[in-house]
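Raw my_file17.txt, compact mmCIF, C-alpha atoms and all ligand atoms:
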# COMPACT_ATOMS: atom_id res chain seq x y z
CA MET C 547 -79.69 25.90 14.90
CA THR C 548 -78.61 26.20 18.54
CA ILE C 549 -80.04 23.89 21.17
CA LYS C 550 -81.37 25.84 24.17
CA MET C 551 -80.19 23.63 27.03
CA HIS C 552 -79.84 26.01 29.91
CA ARG C 553 -82.18 28.16 31.93
CA ARG C 554 -79.47 30.41 33.35
CA LEU C 555 -76.01 30.44 31.82
CA LEU C 556 -73.11 32.48 33.23
CA LEU C 557 -70.64 34.14 30.84
CA THR C 558 -67.59 35.63 32.55
CA GLY C 559 -65.20 38.03 30.85
CA ALA C 560 -68.28 39.29 29.03
CA ALA C 561 -66.81 42.76 28.44
CA GLY C 562 -63.68 41.40 26.73
CA GLY C 563 -63.07 40.79 23.02
CA LEU C 564 -64.43 37.24 22.86
CA GLY C 565 -66.89 37.98 25.67
CA ARG C 566 -68.61 40.56 23.49
CA VAL C 567 -68.75 38.04 20.64
CA LEU C 568 -70.33 35.36 22.82
CA ARG C 569 -72.62 37.79 24.63
CA GLU C 570 -74.60 38.14 21.42
CA ARG C 571 -74.47 34.52 20.35
CA LEU C 572 -75.02 32.68 23.65
CA LYS C 573 -78.45 34.23 24.19
CA ALA C 574 -79.65 31.52 21.80
CA ASN C 575 -78.35 28.84 24.19
CA CYS C 576 -80.32 29.82 27.30
CA ASP C 577 -83.31 31.62 28.78
CA ILE C 578 -81.19 34.03 30.84
CA LEU C 579 -77.58 34.93 30.15
CA ARG C 580 -75.86 36.18 33.29
CA LEU C 581 -72.91 38.41 32.40
CA SER C 582 -69.91 39.12 34.53
CA ASP C 583 -66.70 41.10 34.23
CA ILE C 584 -64.51 43.39 36.30
CA ALA C 585 -64.87 45.97 33.49
CA ASP C 586 -68.01 47.88 32.55
CA LEU C 587 -70.69 45.68 30.96
CA GLY C 588 -72.97 48.50 29.85
CA ALA C 589 -76.71 48.18 30.32
CA GLY C 590 -78.31 44.73 30.48
CA GLU C 591 -80.61 43.87 27.57
CA PRO C 592 -83.69 41.64 27.65
CA GLY C 593 -82.64 38.09 28.45
CA GLU C 594 -79.51 39.30 30.28
CA GLU C 595 -78.67 39.89 33.93
CA LEU C 596 -75.50 41.56 35.17
CA ALA C 597 -73.26 40.23 37.95
CA PRO C 598 -70.02 42.25 37.97
CA ALA C 599 -67.20 40.56 39.91
CA ASP C 600 -63.48 40.66 40.56
CA LEU C 601 -62.31 37.04 40.27
CA ALA C 602 -59.90 37.62 43.16
CA ASP C 603 -62.89 38.35 45.46
CA ALA C 604 -64.25 35.00 46.71
CA GLY C 605 -67.54 36.48 47.93
CA ALA C 606 -68.25 38.24 44.63
CA VAL C 607 -67.45 35.06 42.69
CA ASP C 608 -69.78 33.07 44.93
CA ARG C 609 -72.66 35.49 44.27
CA MET C 610 -71.86 35.46 40.54
CA VAL C 611 -72.12 31.66 40.38
CA ALA C 612 -75.16 31.12 42.64
CA GLY C 613 -78.18 29.89 40.69
CA VAL C 614 -76.63 29.18 37.27
CA ASP C 615 -76.84 25.86 35.42
CA ALA C 616 -73.51 26.10 33.60
CA ILE C 617 -70.60 28.49 33.13
CA VAL C 618 -68.68 29.75 30.11
CA HIS C 619 -65.60 31.17 31.71
CA LEU C 620 -63.57 33.63 29.67
CA GLY C 621 -62.67 35.95 32.56
CA ALA C 622 -58.90 36.13 32.93
CA TYR C 623 -55.74 38.14 32.46
CA SER C 624 -55.53 37.12 28.81
CA VAL C 625 -52.01 37.86 27.58
CA GLU C 626 -48.46 37.31 28.77
CA GLY C 627 -47.62 39.75 31.55
CA PRO C 628 -46.37 40.27 35.11
CA PHE C 629 -47.07 37.57 37.67
CA GLN C 630 -49.25 39.44 40.20
CA PRO C 631 -52.28 40.16 37.99
CA ILE C 632 -52.03 36.67 36.47
CA LEU C 633 -51.90 35.17 39.96
CA GLN C 634 -54.98 37.09 41.11
CA ALA C 635 -57.26 36.58 38.09
CA ASN C 636 -56.11 33.26 36.64
CA ILE C 637 -54.91 31.21 39.61
CA ILE C 638 -56.71 32.53 42.68
CA GLY C 639 -59.71 33.39 40.48
CA ALA C 640 -59.82 29.84 39.09
CA TYR C 641 -59.88 28.40 42.59
CA HIS C 642 -62.68 30.75 43.61
CA LEU C 643 -64.72 29.79 40.55
CA TYR C 644 -64.42 26.02 41.11
CA GLU C 645 -65.12 26.32 44.81
CA ALA C 646 -68.24 28.35 44.04
CA ALA C 647 -69.29 25.78 41.41
CA ARG C 648 -68.82 22.98 43.94
CA ARG C 649 -70.85 24.78 46.62
CA HIS C 650 -73.69 25.66 44.25
CA GLY C 651 -73.85 22.32 42.42
CA VAL C 652 -72.85 23.63 38.97
CA LYS C 653 -71.90 20.58 36.95
CA ARG C 654 -70.49 21.94 33.69
CA ILE C 655 -67.89 24.60 32.90
CA VAL C 656 -66.50 25.60 29.52
CA PHE C 657 -63.27 27.39 30.16
CA ALA C 658 -61.10 29.44 27.81
CA SER C 659 -57.71 27.82 28.15
CA SER C 660 -55.11 28.77 25.57
CA ASN C 661 -52.69 27.46 22.97
CA HIS C 662 -50.03 29.02 25.20
CA VAL C 663 -50.30 25.98 27.52
CA THR C 664 -48.33 24.20 24.77
CA GLY C 665 -46.61 27.18 23.17
CA PHE C 666 -43.09 25.74 23.42
CA TYR C 667 -43.81 22.92 20.98
CA ARG C 668 -42.31 23.67 17.61
CA GLN C 669 -44.41 24.72 14.67
CA SER C 670 -43.04 21.63 12.87
CA GLU C 671 -44.74 19.35 15.46
CA THR C 672 -48.33 18.14 15.65
CA ILE C 673 -49.65 17.60 19.15
CA ASP C 674 -52.85 16.31 20.71
CA ALA C 675 -54.31 16.54 24.19
CA SER C 676 -52.10 13.71 25.46
CA HIS C 677 -48.91 15.74 24.99
CA PRO C 678 -47.60 17.24 28.24
CA PRO C 679 -48.00 21.00 28.68
CA ARG C 680 -45.06 23.16 27.60
CA PRO C 681 -46.22 26.64 28.66
CA ASP C 682 -44.56 29.55 26.90
CA GLY C 683 -44.85 32.05 29.77
CA LEU C 684 -46.56 32.94 33.02
CA TYR C 685 -49.91 33.26 31.26
CA GLY C 686 -49.63 29.79 29.68
CA LEU C 687 -48.48 28.42 33.02
CA SER C 688 -51.57 29.81 34.73
CA LYS C 689 -53.82 28.15 32.16
CA ALA C 690 -51.96 24.86 32.67
CA PHE C 691 -52.68 25.20 36.39
CA TRP C 692 -56.32 25.80 35.53
CA GLU C 693 -56.47 22.68 33.37
CA ASP C 694 -55.09 20.62 36.27
CA LEU C 695 -57.42 22.31 38.74
CA SER C 696 -60.44 21.47 36.59
CA ARG C 697 -59.29 17.86 36.24
CA PHE C 698 -59.12 17.61 40.03
CA TYR C 699 -62.65 19.04 40.40
CA PHE C 700 -63.86 16.49 37.85
CA ASP C 701 -62.16 13.53 39.52
CA ARG C 702 -63.15 14.59 43.03
CA TYR C 703 -66.55 16.28 42.55
CA GLY C 704 -67.75 15.28 39.07
CA ILE C 705 -67.77 18.83 37.69
CA GLU C 706 -67.34 18.43 33.93
CA THR C 707 -65.04 20.88 32.15
CA ALA C 708 -64.06 21.58 28.58
CA CYS C 709 -60.68 23.30 28.46
CA LEU C 710 -60.69 25.17 25.14
CA ARG C 711 -57.10 25.73 24.08
CA ILE C 712 -58.14 28.65 21.92
CA GLY C 713 -55.75 29.51 19.11
CA SER C 714 -56.32 33.02 17.70
CA SER C 715 -59.95 34.09 17.59
CA TYR C 716 -60.34 37.26 15.55
CA PRO C 717 -62.44 38.33 12.56
CA GLU C 718 -59.60 37.08 10.34
CA PRO C 719 -56.00 35.83 10.69
CA LYS C 720 -53.64 38.77 11.33
CA ASP C 721 -50.37 37.09 10.37
CA ARG C 722 -48.86 33.87 8.95
CA ARG C 723 -48.93 32.07 12.32
CA MET C 724 -52.66 32.65 12.58
CA LEU C 725 -53.23 30.77 9.33
CA ALA C 726 -52.64 27.71 11.55
CA THR C 727 -54.17 28.98 14.81
CA TRP C 728 -57.23 30.90 13.60
CA LEU C 729 -60.66 30.26 15.12
CA SER C 730 -63.55 32.14 13.52
CA TYR C 731 -66.18 33.67 15.79
CA ASP C 732 -68.85 31.37 14.37
CA ASP C 733 -66.67 28.32 15.01
CA LEU C 734 -65.97 29.60 18.54
CA HIS C 735 -69.71 29.65 19.16
CA ARG C 736 -70.08 26.18 17.57
CA LEU C 737 -67.33 24.87 19.85
CA VAL C 738 -68.81 26.36 23.03
CA THR C 739 -72.28 25.11 22.08
CA ALA C 740 -70.95 21.59 21.43
CA CYS C 741 -69.27 21.57 24.84
CA LEU C 742 -72.43 22.82 26.57
CA THR C 743 -74.73 20.31 24.89
CA THR C 744 -72.78 17.08 24.43
CA PRO C 745 -74.38 14.48 26.73
CA VAL C 746 -71.11 13.38 28.32
CA LEU C 747 -68.28 15.90 28.44
CA GLY C 748 -66.12 14.57 31.26
CA HIS C 749 -62.84 16.45 31.48
CA THR C 750 -61.85 17.31 27.94
CA ILE C 751 -59.12 19.37 26.34
CA VAL C 752 -60.06 20.73 22.90
CA PHE C 753 -57.89 22.82 20.61
CA GLY C 754 -59.95 25.83 19.53
CA MET C 755 -59.28 26.15 15.81
CA SER C 756 -61.26 26.37 12.62
CA ALA C 757 -60.85 23.78 9.85
CA ASN C 758 -57.51 25.26 8.78
CA PRO C 759 -55.64 23.09 6.24
CA VAL C 760 -52.29 23.72 7.96
CA THR C 761 -52.52 22.95 11.66
CA TRP C 762 -50.32 21.92 14.58
CA TRP C 763 -53.12 20.40 16.63
CA ASP C 764 -55.08 17.16 16.50
CA ASN C 765 -58.50 17.01 18.19
CA ARG C 766 -58.92 13.23 17.93
CA LEU C 767 -59.15 12.92 21.75
CA ALA C 768 -62.11 15.34 21.81
CA ARG C 769 -64.27 13.70 19.11
CA HIS C 770 -67.02 12.93 21.66
CA VAL C 771 -67.69 16.67 21.92
CA GLY C 772 -68.97 16.66 18.33
CA TYR C 773 -67.36 19.98 17.37
CA GLN C 774 -67.43 20.44 13.59
CA PRO C 775 -65.71 23.64 12.44
CA GLN C 776 -67.11 25.13 9.27
CA ASP C 777 -64.68 27.97 8.55
CA SER C 778 -61.09 27.91 7.31
CA SER C 779 -58.20 30.39 7.25
CA GLU C 780 -57.36 29.35 3.69
CA ARG C 781 -59.39 32.07 2.01
CA PHE C 782 -57.18 34.67 3.77
CA ARG C 783 -53.84 33.02 2.87
CA ASP C 784 -52.86 35.01 -0.20
CA ALA C 785 -53.65 38.36 1.44
CA VAL C 786 -51.79 37.46 4.66
CA VAL C 787 -48.70 36.26 2.75
CA ALA C 788 -48.72 39.37 0.56
CA ARG C 789 -48.81 41.83 3.47
CA THR C 790 -46.42 40.10 5.93
CA PRO C 791 -42.64 39.56 5.64
CA PRO C 792 -41.28 36.04 5.04
CA PRO C 793 -40.64 34.16 8.31
CA ASP C 794 -37.21 34.67 9.89
CA PRO C 795 -36.00 31.15 10.84
CA SER C 796 -33.78 32.53 13.61
CA ASP C 797 -36.75 34.17 15.39
CA PRO C 798 -38.15 32.00 18.23
CA ALA C 799 -41.58 33.44 17.40
CA THR C 800 -41.52 31.62 14.05
CA LEU C 801 -40.00 28.43 15.50
CA TYR C 802 -42.49 27.83 18.30
CA GLN C 803 -46.26 27.48 18.29
CA GLY C 804 -46.72 30.25 20.86
CA GLY C 805 -45.35 32.91 18.50
CA VAL C 806 -44.26 36.18 20.16
CA PHE C 807 -45.39 34.95 23.58
CA VAL C 808 -42.23 32.77 23.72
CA ARG C 809 -40.03 35.88 23.78
CA THR C 810 -42.22 38.25 25.84
CA GLY C 811 -40.94 39.29 29.28
CA PRO C 812 -39.39 38.95 31.78
CA PHE C 813 -41.28 41.59 33.73
CA GLU C 814 -39.35 41.93 36.98
C1 LIG B 901 -54.18 34.03 23.57
O1 LIG B 901 -54.31 33.21 24.47
C2 LIG B 901 -54.49 35.46 23.77
O2 LIG B 901 -55.52 35.66 24.72
C3 LIG B 901 -54.82 36.18 22.50
O3 LIG B 901 -54.72 37.58 22.74
C4 LIG B 901 -53.93 35.78 21.31
O4 LIG B 901 -52.70 36.35 21.44
C5 LIG B 901 -53.87 34.27 21.18
O5 LIG B 901 -53.60 33.63 22.40
C6 LIG B 901 -52.82 33.80 20.15
O6 LIG B 901 -52.00 32.95 20.47
O7 LIG B 901 -52.88 34.27 19.02

Translate the structure of the given file into structure tokens.
Ligand code: 15L
Amino acid sequence: MTIKMHRRLLLTGAAGGLGRVLRERLKANCDILRLSDIADLGAGEPGEELAPADLADAGAVDRMVAGVDAIVHLGAYSVEGPFQPILQANIIGAYHLYEAARRHGVKRIVFASSNHVTGFYRQSETIDASHPPRPDGLYGLSKAFWEDLSRFYFDRYGIETACLRIGSSYPEPKDRRMLATWLSYDDLHRLVTACLTTPVLGHTIVFGMSANPVTWWDNRLARHVGYQPQDSSERFRDAVVARTPPPDPSDPATLYQGGVFVRTGPFE
């Protein structure tokens, strides 16, 4: 059962892969789900309102945020790529979002960070939220900036943020790496709901993973959130191993947690 805590909840990036997943599920968390994206959102359904916005446009972001109780922020350039679009959506866009939240008194944000903030740790290491960032590219770097930005807005203005370092959220793990990084859609919703409803969130970094038996991440510093994953990648293991080649130990993508992101680019 989902606890309906919010009158008006904003979901950004609502036209994207995970946005579409949460668009359906988050209606249970609020009276009105406000949806935003730069891409087409289709027609609004009952219980929804549409607020399209380019994150690089401060005025549009301000209008998108006005009047909401909390924000689930997925809107971003979401893979490794050239610097300019990452700068506009993920860095300038992050600043616009937090400034709008400050002006409009929004006190809680759940933000889709990424495992690529720490992608240059080795797959043989286990890390928790106290380990320093080791971004594996411009995308991971922009999410690390975002995590710092949100910490500043918590320390200075008391805006609580959960930074979800999402692993790989798909219907099922696509490769051997994702046996460690997989986050089911239902667990994604459980995680977002826990972050929206926990009485005291503060500024928290949570690794977004299901209860996978092999993992590189330890969520002990986020226990107060109360996230309890109920799915596991294990039931996919045999099929994934059967259809994918054995790992090549000389490939950086099999050495480091970030996988292929560690050898993507440069773009100039
Ligand atoms: C991410 O941050 C990406 O948005 C997603 O497309 C996946 O590639 C995921 O990380 C991953 O690491 O599997």

Report the centre and edge lengths, in Å to one decimal, of an axis-aligned box enclosing every atom of ligand LIG 901 (chain B) listed in the file, padded by 4 Å on each side, as lines of an AutoDock Vina configuration file.
center_x = -53.8
center_y = 35.3
center_z = 21.9
size_x = 11.5
size_y = 12.6
size_z = 13.7

Practice problem: Give me the residues within 6 Å of range 707-718 of chain C as number ranges by chain, counting only C-alpha atoms and dropping any in the same chain fewer than 2 places off. | Solution: C: 654-661, 727-730, 749-755

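Shortest atom-to-atom contact with ligand LIG 901 (chain B) among C:Val771, C:Ala622, C:Ala740, C:Ala690: C:Ala622, counting only C-alpha atoms and all ligand atoms.
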
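Counting all atoms listed in the file, the residue from C:Leu564, C:Ile673, C:Leu695, C:Leu742 that sits nearest to ligand LIG 901 (chain B) is C:Leu564.
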
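With CA of Pro759 in chain C on one side and CA of Thr672 in chain C on the other, the separation reads 12.9 Å.
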
Self-check item: Radius query 10 Å about (-53.7, 22.4, 33.5), atoms used: all atoms listed in the file, as a VMD selection string
Solution: chain C and resid 659 663 678 to 679 681 686 to 698 709 751

Practice problem: Could you please determine the separation between CA of Ala640 in chain C and CA of Asp733 in chain C in Å, to one decimal place? | Solution: 25.1 Å

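Omitting Val808 in chain C and its sequence neighbours fewer than 3 positions away, and counting only C-alpha atoms, the residues within 9 Å are His662, Gly665, Phe666, Pro681, Asp682, Gly683, Pro798, Ala799, Tyr802, Gln803, Gly804, Gly805 and Gly811 of chain C.
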
Quiz item: Between CA of Asn575 in chain C and CA of Leu557 in chain C, what is the distance, to one decimal in Å?
Solution: 11.5 Å

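Between Arg668 in chain C and the residues C:Leu725, C:Leu801, C:Ala574, C:Glu706, the shortest atom-to-atom distance, using all atoms listed in the file, involves C:Leu801.
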
Quiz item: Could you name the residues that touch Pro628 in chain C at 8 Å or less, counting all atoms listed in the file, but leaving out those on the same chain fewer than 2 positions away, as a ChimeraX atom specification?
Solution: /C:626,630-632,684,812-814
